[in-house]
Amino acid sequence: MSEAVQTLEGWYALHDFRLMDWNAWHAATPQERKHAATELNTFLTQWQQVENDKLGSTAVYSIVGQKADFVFMHMRETLEELNELENAFNKSSFAAFTIPVYSYVSIVELSSYLAKPGVDPAQDPELQARLKPILPKSKHICFYPMNKRREGNDNWYMLPAEDRKTMMRSHGMIGRTYAGKVKQIITGSVGLDDWEWGVTLFSDDPLHFKKLVYEMRFDEVSARFGEFGDFYVGNVLPPEKFAAFIQI
Ligand code: VOV
């Protein structure tokens, strides 16, 4: 049996993708819409407060294309908190005008392939900040789930640890050339959701997503082992833009 890589885990993540039910929104009275919009704002304010208190983080983005209209990406200390917040939101009058279309449950994960030896993660502020990240409010988001292949000679999980480490080093080197352009948050989801990882990228230029993902396709770890789910891409949606988005 090849050796499992040690991982560090941080905050739990819920990506909650929704469509707007425009028919229901149009059919509602102005008072009903106003009430729903106020409730939405209450949630956005609450989530911002949790982030200010560093007890979690939330990012809100519109989604371009027909897969969804917007996504709430929440991070919290526990799975219970994520469940509570989604249930609370689902009971709101605003949620009644939305249609959930996709969700993803995972947890921030750092693997130890490139870990510095002798560092106690609990005492390393940089590691702690990566495990419990305040989500960037960059102009754009890109999310997709992925697996590492397990087929014939291309079985990631049968490779010696040293080979996996060499490939992850190459992966990291490519990633580093995008420092300052793309921020990645890798969340592990083995045992939590349908794929093995969620990849969430943030950037002020969506072209950086294309360049980075394309460049990685030629790198062995992605070329041989990467399997990808649906891609979701969108634009940051601060409260004032959300208000404009639901204005009819
Ligand atoms: C900004 C770009 C960027 C950078 C700097 C970066 C760096 C790194 C480092 C240093 C490490 C290893 C240590 C750790 O931190 O875990 C990783 C780990 C990982 N990555 Fe990555 N990655 C990036 C970006 C990046 C992208 C775009 C993808 C999607 C792949 C693609 O082809 O579409 C990805 C995937 C992953 C995954 C699934 C893992 C976990 C693999 C495992 O087997 O455990 N990643 N990644």
# chains A, B, ... in the order shown; residues from 1 in each chain; ligands from 1

call {"tool": "residues_near_ligand", "arguments": {"ligand": "ligand 1", "cutoff": "7 Å", "atoms": "only C-alpha atoms and all ligand atoms", "output": "PyMOL selection string"}}
result
chain A and resi 109-114+146+168-169+171-172+174-176+178-179+182-184+186+197+199+212-213+216-217+222+226

call {"tool": "residues_around", "arguments": {"residues": "A:Ala68", "least_positions_apart": "6", "cutoff": "9 Å", "atoms": "only C-alpha atoms", "output": "list in words"}}
result
Phe17, Arg18, Leu19, Met20, Ser62, Ile99, Pro100, Val101, Tyr102 and Tyr232 of chain A

call {"tool": "residues_around", "arguments": {"residues": "A:Gly152", "least_positions_apart": "6", "cutoff": "12 Å", "atoms": "only C-alpha atoms", "output": "list in words"}}
result
Met158, Leu159, Arg224 and Phe225 of chain A

call {"tool": "closest_residue", "arguments": {"among": "A:Leu85, A:Ala115, A:Val50, A:Val71", "to": "A:Gln6", "atoms": "only C-alpha atoms"}}
result
A:Ala115

call {"tool": "residues_around", "arguments": {"residues": "stretch 22-29 of chain A", "least_positions_apart": "6", "cutoff": "12 Å", "atoms": "only C-alpha atoms", "output": "PyMOL selection string"}}
result
chain A and resi 35-37+69+93-99+245-248

call {"tool": "residues_around", "arguments": {"residues": "A:Thr58", "least_positions_apart": "2", "cutoff": "9 Å", "atoms": "only C-alpha atoms", "output": "ChimeraX atom specification"}}
result
/A:44,47-48,50-51,56,60,72-76,134-135

call {"tool": "atom_distance", "arguments": {"atom1": "atom CA of A:Gly234", "atom2": "atom CA of A:His208"}}
result
13.3 Å

call {"tool": "atom_distance", "arguments": {"atom1": "atom CA of A:Pro30", "atom2": "atom CA of A:Lys91"}}
result
20.0 Å

call {"tool": "residues_around", "arguments": {"residues": "A:Gly188", "least_positions_apart": "3", "cutoff": "8 Å", "atoms": "only C-alpha atoms", "output": "MDAnalysis selection string"}}
result
chainID A and resid 106:109 196:198

call {"tool": "write_last_selection", "arguments": {"atoms": "all heavy atoms", "output": "PDB file, in the first residue's frame"}}
result
ATOM      1  N   SER A 106     -17.318  20.758   1.578  1.00  0.00           N
ATOM      2  CA  SER A 106     -15.906  20.368   1.634  1.00  0.00           C
ATOM      3  C   SER A 106     -15.243  21.071   2.812  1.00  0.00           C
ATOM      4  O   SER A 106     -15.914  21.746   3.601  1.00  0.00           O
ATOM      5  CB  SER A 106     -15.222  20.728   0.307  1.00  0.00           C
ATOM      6  OG  SER A 106     -15.420  22.097  -0.004  1.00  0.00           O
ATOM      7  N   ILE A 107     -13.942  20.895   2.938  1.00  0.00           N
ATOM      8  CA  ILE A 107     -13.220  21.518   4.061  1.00  0.00           C
ATOM      9  C   ILE A 107     -11.858  21.977   3.549  1.00  0.00           C
ATOM     10  O   ILE A 107     -11.233  21.278   2.733  1.00  0.00           O
ATOM     11  CB  ILE A 107     -13.101  20.515   5.243  1.00  0.00           C
ATOM     12  CG1 ILE A 107     -12.453  21.160   6.455  1.00  0.00           C
ATOM     13  CG2 ILE A 107     -12.358  19.238   4.848  1.00  0.00           C
ATOM     14  CD1 ILE A 107     -12.621  20.334   7.749  1.00  0.00           C
ATOM     15  N   VAL A 108     -11.442  23.151   3.994  1.00  0.00           N
ATOM     16  CA  VAL A 108     -10.142  23.664   3.536  1.00  0.00           C
ATOM     17  C   VAL A 108      -9.071  22.634   3.866  1.00  0.00           C
ATOM     18  O   VAL A 108      -9.013  22.126   4.986  1.00  0.00           O
ATOM     19  CB  VAL A 108      -9.772  25.003   4.222  1.00  0.00           C
ATOM     20  CG1 VAL A 108      -8.400  25.474   3.761  1.00  0.00           C
ATOM     21  CG2 VAL A 108     -10.816  26.058   3.938  1.00  0.00           C
ATOM     22  N   GLU A 109      -8.261  22.320   2.869  1.00  0.00           N
ATOM     23  CA  GLU A 109      -7.265  21.259   3.053  1.00  0.00           C
ATOM     24  C   GLU A 109      -5.905  21.710   2.538  1.00  0.00           C
ATOM     25  O   GLU A 109      -5.802  22.256   1.442  1.00  0.00           O
ATOM     26  CB  GLU A 109      -7.723  20.018   2.276  1.00  0.00           C
ATOM     27  CG  GLU A 109      -6.745  18.871   2.345  1.00  0.00           C
ATOM     28  CD  GLU A 109      -7.083  17.758   1.349  1.00  0.00           C
ATOM     29  OE1 GLU A 109      -8.094  17.065   1.551  1.00  0.00           O
ATOM     30  OE2 GLU A 109      -6.323  17.611   0.371  1.00  0.00           O
ATOM     31  N   GLU A 196     -13.418  14.646  -5.176  1.00  0.00           N
ATOM     32  CA  GLU A 196     -12.384  14.585  -4.132  1.00  0.00           C
ATOM     33  C   GLU A 196     -11.927  15.954  -3.632  1.00  0.00           C
ATOM     34  O   GLU A 196     -11.503  16.082  -2.493  1.00  0.00           O
ATOM     35  CB  GLU A 196     -11.189  13.774  -4.650  1.00  0.00           C
ATOM     36  CG  GLU A 196     -11.596  12.317  -4.865  1.00  0.00           C
ATOM     37  CD  GLU A 196     -10.580  11.469  -5.593  1.00  0.00           C
ATOM     38  OE1 GLU A 196      -9.582  12.026  -6.111  1.00  0.00           O
ATOM     39  OE2 GLU A 196     -10.770  10.247  -5.655  1.00  0.00           O
ATOM     40  N   TRP A 197     -11.991  16.953  -4.515  1.00  0.00           N
ATOM     41  CA  TRP A 197     -11.627  18.315  -4.098  1.00  0.00           C
ATOM     42  C   TRP A 197     -12.560  19.326  -4.762  1.00  0.00           C
ATOM     43  O   TRP A 197     -13.088  19.076  -5.850  1.00  0.00           O
ATOM     44  CB  TRP A 197     -10.205  18.685  -4.546  1.00  0.00           C
ATOM     45  CG  TRP A 197      -9.115  17.982  -3.813  1.00  0.00           C
ATOM     46  CD1 TRP A 197      -8.574  18.350  -2.606  1.00  0.00           C
ATOM     47  CD2 TRP A 197      -8.414  16.800  -4.217  1.00  0.00           C
ATOM     48  NE1 TRP A 197      -7.592  17.459  -2.246  1.00  0.00           N
ATOM     49  CE2 TRP A 197      -7.474  16.492  -3.215  1.00  0.00           C
ATOM     50  CE3 TRP A 197      -8.491  15.952  -5.322  1.00  0.00           C
ATOM     51  CZ2 TRP A 197      -6.620  15.396  -3.284  1.00  0.00           C
ATOM     52  CZ3 TRP A 197      -7.645  14.861  -5.395  1.00  0.00           C
ATOM     53  CH2 TRP A 197      -6.726  14.595  -4.381  1.00  0.00           C
ATOM     54  N   GLY A 198     -12.690  20.466  -4.105  1.00  0.00           N
ATOM     55  CA  GLY A 198     -13.283  21.637  -4.738  1.00  0.00           C
ATOM     56  C   GLY A 198     -12.138  22.606  -4.991  1.00  0.00           C
ATOM     57  O   GLY A 198     -11.280  22.794  -4.120  1.00  0.00           O
TER      58      GLY A 198
END

call {"tool": "select_by_dssp", "arguments": {"residues": "stretch 161-240 of chain A", "states": "strand (DSSP E or B)", "output": "MDAnalysis selection string"}}
result
chainID A and resid 182:188 197:203 226:228 232:236

call {"tool": "decode", "arguments": {"residues": "stretch 69-96 of chain A", "atoms": "N, CA and C atoms", "output": "CSV table (one decimal), in the first residue's frame"}}
result
chain,number,residue,atom,x,y,z
A,69,ASP,N,-27.6,31.5,-11.0
A,69,ASP,CA,-27.5,32.9,-11.1
A,69,ASP,C,-26.6,33.5,-10.1
A,70,PHE,N,-26.4,32.8,-8.9
A,70,PHE,CA,-25.5,33.3,-8.0
A,70,PHE,C,-25.0,32.2,-7.0
A,71,VAL,N,-23.9,32.5,-6.3
A,71,VAL,CA,-23.4,31.5,-5.4
A,71,VAL,C,-23.1,32.2,-4.0
A,72,PHE,N,-23.5,31.5,-3.0
A,72,PHE,CA,-23.0,31.9,-1.6
A,72,PHE,C,-21.9,30.9,-1.3
A,73,MET,N,-20.7,31.4,-1.1
A,73,MET,CA,-19.7,30.4,-0.6
A,73,MET,C,-19.4,30.8,0.9
A,74,HIS,N,-19.8,29.8,1.7
A,74,HIS,CA,-19.7,30.0,3.2
A,74,HIS,C,-18.5,29.2,3.7
A,75,MET,N,-17.8,29.7,4.7
A,75,MET,CA,-16.9,28.9,5.5
A,75,MET,C,-17.2,29.1,6.9
A,76,ARG,N,-17.2,28.0,7.6
A,76,ARG,CA,-17.5,28.0,9.1
A,76,ARG,C,-16.6,27.0,9.8
A,77,GLU,N,-16.5,27.1,11.1
A,77,GLU,CA,-15.7,26.2,11.9
A,77,GLU,C,-16.3,24.8,11.9
A,78,THR,N,-17.6,24.6,11.9
A,78,THR,CA,-18.2,23.3,12.0
A,78,THR,C,-19.3,23.1,10.9
A,79,LEU,N,-19.5,21.8,10.6
A,79,LEU,CA,-20.6,21.4,9.7
A,79,LEU,C,-21.9,21.8,10.2
A,80,GLU,N,-22.1,21.8,11.5
A,80,GLU,CA,-23.4,22.2,12.1
A,80,GLU,C,-23.7,23.7,11.8
A,81,GLU,N,-22.7,24.5,11.9
A,81,GLU,CA,-22.9,26.0,11.6
A,81,GLU,C,-23.3,26.2,10.2
A,82,LEU,N,-22.7,25.4,9.3
A,82,LEU,CA,-23.0,25.5,7.9
A,82,LEU,C,-24.5,25.1,7.6
A,83,ASN,N,-24.9,24.0,8.3
A,83,ASN,CA,-26.2,23.5,8.2
A,83,ASN,C,-27.2,24.5,8.7
A,84,GLU,N,-26.9,25.1,9.9
A,84,GLU,CA,-27.8,26.1,10.5
A,84,GLU,C,-28.0,27.2,9.6
A,85,LEU,N,-26.9,27.7,9.0
A,85,LEU,CA,-27.0,28.9,8.2
A,85,LEU,C,-27.8,28.6,6.9
A,86,GLU,N,-27.6,27.5,6.3
A,86,GLU,CA,-28.4,27.2,5.1
A,86,GLU,C,-29.9,27.0,5.4
A,87,ASN,N,-30.1,26.3,6.6
A,87,ASN,CA,-31.5,26.1,7.0
A,87,ASN,C,-32.2,27.5,7.3
A,88,ALA,N,-31.5,28.4,8.0
A,88,ALA,CA,-32.1,29.7,8.3
A,88,ALA,C,-32.4,30.4,7.0
A,89,PHE,N,-31.4,30.4,6.1
A,89,PHE,CA,-31.6,31.1,4.8
A,89,PHE,C,-32.8,30.5,4.0
A,90,ASN,N,-32.9,29.2,4.0
A,90,ASN,CA,-34.0,28.5,3.3
A,90,ASN,C,-35.3,28.9,3.8
A,91,LYS,N,-35.4,29.2,5.1
A,91,LYS,CA,-36.7,29.6,5.7
A,91,LYS,C,-37.1,31.1,5.4
A,92,SER,N,-36.1,31.8,4.8
A,92,SER,CA,-36.4,33.3,4.5
A,92,SER,C,-37.3,33.5,3.4
A,93,SER,N,-38.0,34.6,3.3
A,93,SER,CA,-38.9,34.9,2.2
A,93,SER,C,-38.1,35.1,0.9
A,94,PHE,N,-36.9,35.5,1.0
A,94,PHE,CA,-36.1,35.7,-0.2
A,94,PHE,C,-35.8,34.3,-0.8
A,95,ALA,N,-35.4,33.4,0.0
A,95,ALA,CA,-35.1,32.0,-0.5
A,95,ALA,C,-36.2,31.4,-1.3
A,96,ALA,N,-37.4,31.8,-0.9
A,96,ALA,CA,-38.6,31.2,-1.6
A,96,ALA,C,-38.6,31.7,-3.1
